Amino acid sequence: MAPTIVEIPREVLERFTKLDQYHNSFLLRLDEGLEYALERNAENGHPDISVAASQGRFLKLMALAIGAKRALEVGTLGGCSTIWMGQSLPEDGELITLEVSEVDAKIARENLARAGIRNARVMVGDVKEILASLPTEEPFDLVSIDANKEGYPNYFLERNIWSGRVADESFARGCSRCGAVRTLLEMLKEDGEVVATTIAIANVKGYDGFLYAIKL
């Protein structure tokens with residue numbers, strides 16, 4: 001059977017964008033540091049996959065709500081989501097963000113410095129190796145993961161809806177990224193120490209979403 005997923009019609013995307021921008025006009029405003037980061041990322045040819053402003057604000061609110069002091073991010077790119085989370089941590093807090101590309105890490109460090117984020121440390125290399133090297137006696141209060149989907153079974157995920165592709169078995173069979181997310185969901189189903197849910201989003205990025213999990 002052929003995949004049932006179709007491209008999102010332009011008029012639907014425009015509706016999502018208009019709705020998202022309307023709410024954002026009341027609830028948030030990008031600061032100079034974030035605006036600079038977005039411009040820098042575009043100048044350096046980054047794809048438009050940075051966290052949407054409303055999602056970045058959600059990350060910040062979530063960190064503030066739980067009083068996070070130590071945070072971990074997998075997938076730095078240009079550092080936009082890093083800035084959002086870094087703004088929520090106390091002066092003596094710590095944010096470790098992992099990136100596989102030295103080029104992207106350099107851009108992110110410059111963006112973080114421009115935004116005044118001094119509690120973030122960008123680490124470059126193989127994510128699995130870096131994660132294994134981090135001290136286990138120092139747990140993280142918040143972990144945000146938005147990286148290569150194939151690695152998600154090895155470390156939790158932040159985004160996993162993808163226009164319904166994950167739930168479409170015929171599509172997922174030919175998509176390694178979707179298959180990895182499905183594997184993670186199976187793992188979470190059997191994990192009695194974790195409570196999780198997925199939340200779908202429609203915004204300027206189109207169909208999007210994230211998985212939110214808490215370790216008991």
# chains A, B, ... in the order shown; residues from 1 in each chain; ligands from 1
call {"tool": "select_by_dssp", "arguments": {"residues": "region 25-210 of chain A", "states": "strand (DSSP E or B)", "output": "PyMOL selection string"}}
result
chain A and resi 70-74+94-99+120-124+142-145+194-203+206-210
call {"tool": "residues_around", "arguments": {"residues": "Asn111 (chain A)", "least_positions_apart": "6", "cutoff": "9 Å", "atoms": "only C-alpha atoms", "output": "VMD selection string"}}
result
chain A and resid 33 to 34 36 to 38 40 to 41 78 to 80 83 117
call {"tool": "closest_residue", "arguments": {"among": "A:Phe26, A:Leu134, A:Gln55, A:Asp92", "to": "Ile199 (chain A)", "atoms": "only C-alpha atoms"}}
result
A:Gln55
call {"tool": "residues_around", "arguments": {"residues": "Leu64 (chain A)", "least_positions_apart": "4", "cutoff": "8 Å", "atoms": "only C-alpha atoms", "output": "ChimeraX atom specification"}}
result
/A:60,68,88-89
call {"tool": "closest_residue", "arguments": {"among": "A:Tyr212, A:Ala113, A:Gly206, A:Gly45", "to": "Ile8 (chain A)", "atoms": "only C-alpha atoms"}}
result
A:Gly206
call {"tool": "select_by_dssp", "arguments": {"residues": "region 12-197 of chain A", "states": "alpha helix (DSSP H)", "output": "ChimeraX atom specification"}}
result
/A:12-27,32-43,53-65,80-86,102-114,127-133,169-172,176-190
call {"tool": "closest_residue", "arguments": {"among": "A:Glu14, A:Glu99, A:Asp191, A:Glu35", "to": "Ile145 (chain A)", "atoms": "only C-alpha atoms"}}
result
A:Glu99
call {"tool": "closest_atom_pairs", "arguments": {"of": "region 14-94 of chain A", "to": "region 123-130 of chain A", "cutoff": "12 Å", "atoms": "only C-alpha atoms", "output": "tab-separated table"}}
result
residue	atom	partner	partner_atom	distance
A:Leu72	CA	A:Met123	CA	10.8
A:Glu73	CA	A:Met123	CA	10.2
A:Val74	CA	A:Val127	CA	7.5
A:Gly75	CA	A:Val127	CA	8.9
A:Thr76	CA	A:Met123	CA	9.2
A:Leu77	CA	A:Val124	CA	11.0
call {"tool": "residues_around", "arguments": {"residues": "Glu150 (chain A)", "least_positions_apart": "6", "cutoff": "9 Å", "atoms": "only C-alpha atoms", "output": "PDB file with N, CA, C and O atoms, in the first residue's frame"}}
result
ATOM      1  N   SER A 176      13.992   5.562   7.866  1.00  0.00           N
ATOM      2  CA  SER A 176      14.780   5.176   9.042  1.00  0.00           C
ATOM      3  C   SER A 176      14.522   6.101  10.218  1.00  0.00           C
ATOM      4  O   SER A 176      14.529   5.671  11.374  1.00  0.00           O
ATOM      5  N   ARG A 177      14.275   7.376   9.944  1.00  0.00           N
ATOM      6  CA  ARG A 177      14.012   8.321  11.035  1.00  0.00           C
ATOM      7  C   ARG A 177      12.693   8.008  11.727  1.00  0.00           C
ATOM      8  O   ARG A 177      12.603   8.018  12.950  1.00  0.00           O
ATOM      9  N   CYS A 178      11.656   7.728  10.916  1.00  0.00           N
ATOM     10  CA  CYS A 178      10.363   7.373  11.510  1.00  0.00           C
ATOM     11  C   CYS A 178      10.478   6.071  12.288  1.00  0.00           C
ATOM     12  O   CYS A 178       9.912   5.917  13.372  1.00  0.00           O
ATOM     13  N   GLY A 179      11.212   5.113  11.718  1.00  0.00           N
ATOM     14  CA  GLY A 179      11.394   3.829  12.395  1.00  0.00           C
ATOM     15  C   GLY A 179      12.080   3.989  13.735  1.00  0.00           C
ATOM     16  O   GLY A 179      11.733   3.306  14.713  1.00  0.00           O
ATOM     17  N   ALA A 180      13.053   4.907  13.811  1.00  0.00           N
ATOM     18  CA  ALA A 180      13.765   5.138  15.073  1.00  0.00           C
ATOM     19  C   ALA A 180      12.827   5.707  16.130  1.00  0.00           C
ATOM     20  O   ALA A 180      12.878   5.319  17.303  1.00  0.00           O
ATOM     21  N   VAL A 181      11.955   6.625  15.715  1.00  0.00           N
ATOM     22  CA  VAL A 181      11.003   7.212  16.657  1.00  0.00           C
ATOM     23  C   VAL A 181      10.010   6.157  17.131  1.00  0.00           C
ATOM     24  O   VAL A 181       9.669   6.089  18.317  1.00  0.00           O
TER      25      VAL A 181
END
call {"tool": "atom_distance", "arguments": {"atom1": "CA of Arg70 (chain A)", "atom2": "CA of Leu28 (chain A)"}}
result
24.4 Å
call {"tool": "closest_residue", "arguments": {"among": "A:Val103, A:Ala71, A:Ala200, A:Lys205", "to": "Pro139 (chain A)", "atoms": "only C-alpha atoms"}}
result
A:Ala71
call {"tool": "decode", "arguments": {"residues": "region 96-146 of chain A", "atoms": "N, CA and C atoms", "output": "CSV table (one decimal), in the first residue's frame"}}
result
chain,number,residue,atom,x,y,z
A,96,ILE,N,24.6,22.3,29.1
A,96,ILE,CA,25.5,21.7,28.2
A,96,ILE,C,24.7,21.3,27.0
A,97,THR,N,25.3,21.8,25.8
A,97,THR,CA,24.6,21.5,24.6
A,97,THR,C,25.6,20.8,23.6
A,98,LEU,N,25.1,19.7,23.0
A,98,LEU,CA,25.9,18.8,22.2
A,98,LEU,C,25.7,19.0,20.7
A,99,GLU,N,26.8,19.1,19.9
A,99,GLU,CA,26.7,19.3,18.5
A,99,GLU,C,27.8,18.4,17.8
A,100,VAL,N,27.4,17.9,16.6
A,100,VAL,CA,28.4,17.0,15.9
A,100,VAL,C,29.2,17.9,15.0
A,101,SER,N,28.8,19.1,14.6
A,101,SER,CA,29.5,19.9,13.6
A,101,SER,C,30.3,21.0,14.3
A,102,GLU,N,31.6,21.0,14.1
A,102,GLU,CA,32.4,22.1,14.6
A,102,GLU,C,32.0,23.4,14.0
A,103,VAL,N,31.7,23.5,12.8
A,103,VAL,CA,31.3,24.7,12.1
A,103,VAL,C,30.0,25.3,12.8
A,104,ASP,N,29.0,24.4,13.0
A,104,ASP,CA,27.8,24.9,13.6
A,104,ASP,C,28.1,25.3,15.1
A,105,ALA,N,28.9,24.6,15.7
A,105,ALA,CA,29.3,24.9,17.1
A,105,ALA,C,29.9,26.3,17.2
A,106,LYS,N,30.8,26.6,16.3
A,106,LYS,CA,31.4,27.9,16.3
A,106,LYS,C,30.4,29.0,16.1
A,107,ILE,N,29.4,28.8,15.2
A,107,ILE,CA,28.4,29.8,15.0
A,107,ILE,C,27.5,29.9,16.3
A,108,ALA,N,27.2,28.8,16.9
A,108,ALA,CA,26.4,28.8,18.1
A,108,ALA,C,27.1,29.5,19.2
A,109,ARG,N,28.4,29.3,19.4
A,109,ARG,CA,29.1,30.0,20.5
A,109,ARG,C,29.1,31.5,20.3
A,110,GLU,N,29.2,31.9,19.0
A,110,GLU,CA,29.2,33.4,18.7
A,110,GLU,C,27.7,33.9,19.0
A,111,ASN,N,26.7,33.2,18.7
A,111,ASN,CA,25.4,33.6,18.9
A,111,ASN,C,25.1,33.7,20.4
A,112,LEU,N,25.6,32.7,21.1
A,112,LEU,CA,25.3,32.7,22.6
A,112,LEU,C,26.0,33.9,23.3
A,113,ALA,N,27.2,34.1,22.8
A,113,ALA,CA,28.0,35.3,23.4
A,113,ALA,C,27.2,36.6,23.1
A,114,ARG,N,26.7,36.7,21.9
A,114,ARG,CA,26.0,38.0,21.5
A,114,ARG,C,24.7,38.1,22.3
A,115,ALA,N,24.1,37.0,22.7
A,115,ALA,CA,22.8,37.0,23.4
A,115,ALA,C,23.1,37.1,25.0
A,116,GLY,N,24.4,37.1,25.4
A,116,GLY,CA,24.7,37.2,26.8
A,116,GLY,C,24.5,36.0,27.6
A,117,ILE,N,24.5,34.8,26.9
A,117,ILE,CA,24.3,33.5,27.6
A,117,ILE,C,25.7,33.0,28.0
A,118,ARG,N,26.0,33.1,29.3
A,118,ARG,CA,27.3,32.7,29.8
A,118,ARG,C,27.3,31.4,30.6
A,119,ASN,N,26.2,30.8,30.7
A,119,ASN,CA,26.1,29.5,31.5
A,119,ASN,C,26.0,28.3,30.6
A,120,ALA,N,26.2,28.5,29.3
A,120,ALA,CA,26.1,27.4,28.3
A,120,ALA,C,27.5,26.9,27.8
A,121,ARG,N,27.7,25.6,27.7
A,121,ARG,CA,28.9,25.0,27.2
A,121,ARG,C,28.6,24.1,26.0
A,122,VAL,N,29.2,24.5,24.8
A,122,VAL,CA,29.0,23.7,23.6
A,122,VAL,C,30.0,22.6,23.5
A,123,MET,N,29.6,21.4,23.4
A,123,MET,CA,30.5,20.3,23.3
A,123,MET,C,30.4,19.6,21.9
A,124,VAL,N,31.5,19.4,21.3
A,124,VAL,CA,31.4,18.9,19.9
A,124,VAL,C,31.9,17.4,19.8
A,125,GLY,N,31.2,16.6,19.1
A,125,GLY,CA,31.7,15.2,18.9
A,125,GLY,C,30.5,14.3,18.7
A,126,ASP,N,30.8,13.0,18.8
A,126,ASP,CA,29.8,11.9,18.8
A,126,ASP,C,28.9,12.0,20.0
A,127,VAL,N,27.6,12.2,19.8
A,127,VAL,CA,26.7,12.4,20.9
A,127,VAL,C,26.7,11.2,21.9
A,128,LYS,N,26.7,10.0,21.4
A,128,LYS,CA,26.7,8.8,22.3
A,128,LYS,C,27.9,8.8,23.2
A,129,GLU,N,29.1,9.1,22.6
A,129,GLU,CA,30.3,9.1,23.3
A,129,GLU,C,30.3,10.2,24.4
A,130,ILE,N,29.9,11.4,24.0
A,130,ILE,CA,29.8,12.5,25.0
A,130,ILE,C,28.9,12.2,26.1
A,131,LEU,N,27.7,11.7,25.8
A,131,LEU,CA,26.7,11.3,26.8
A,131,LEU,C,27.3,10.3,27.8
A,132,ALA,N,28.0,9.3,27.3
A,132,ALA,CA,28.6,8.3,28.1
A,132,ALA,C,29.7,8.9,29.0
A,133,SER,N,30.3,10.0,28.6
A,133,SER,CA,31.4,10.6,29.4
A,133,SER,C,30.9,11.6,30.5
A,134,LEU,N,29.7,12.0,30.4
A,134,LEU,CA,29.2,12.9,31.4
A,134,LEU,C,29.0,12.3,32.8
A,135,PRO,N,29.3,12.9,33.8
A,135,PRO,CA,29.2,12.4,35.2
A,135,PRO,C,27.8,12.0,35.5
A,136,THR,N,27.6,10.7,35.9
A,136,THR,CA,26.2,10.3,36.2
A,136,THR,C,25.7,10.7,37.6
A,137,GLU,N,26.7,11.2,38.4
A,137,GLU,CA,26.3,11.6,39.8
A,137,GLU,C,25.7,13.0,39.8
A,138,GLU,N,25.7,13.7,38.6
A,138,GLU,CA,25.2,15.0,38.5
A,138,GLU,C,24.0,15.0,37.5
A,139,PRO,N,22.8,14.7,37.9
A,139,PRO,CA,21.7,14.6,37.0
A,139,PRO,C,21.3,15.9,36.5
A,140,PHE,N,20.6,15.8,35.3
A,140,PHE,CA,20.1,17.0,34.7
A,140,PHE,C,18.6,17.2,35.1
A,141,ASP,N,18.2,18.4,35.3
A,141,ASP,CA,16.8,18.7,35.6
A,141,ASP,C,15.9,18.8,34.4
A,142,LEU,N,16.6,19.1,33.2
A,142,LEU,CA,15.8,19.2,32.0
A,142,LEU,C,16.7,18.8,30.8
A,143,VAL,N,16.1,18.0,29.9
A,143,VAL,CA,16.9,17.5,28.8
A,143,VAL,C,16.0,17.8,27.5
A,144,SER,N,16.6,18.5,26.6
A,144,SER,CA,15.9,18.8,25.3
A,144,SER,C,16.7,18.2,24.2
A,145,ILE,N,16.0,17.4,23.3
A,145,ILE,CA,16.6,16.7,22.3
A,145,ILE,C,16.0,17.0,20.9
A,146,ASP,N,16.7,17.5,20.0
A,146,ASP,CA,16.2,17.8,18.7
A,146,ASP,C,17.4,17.6,17.7
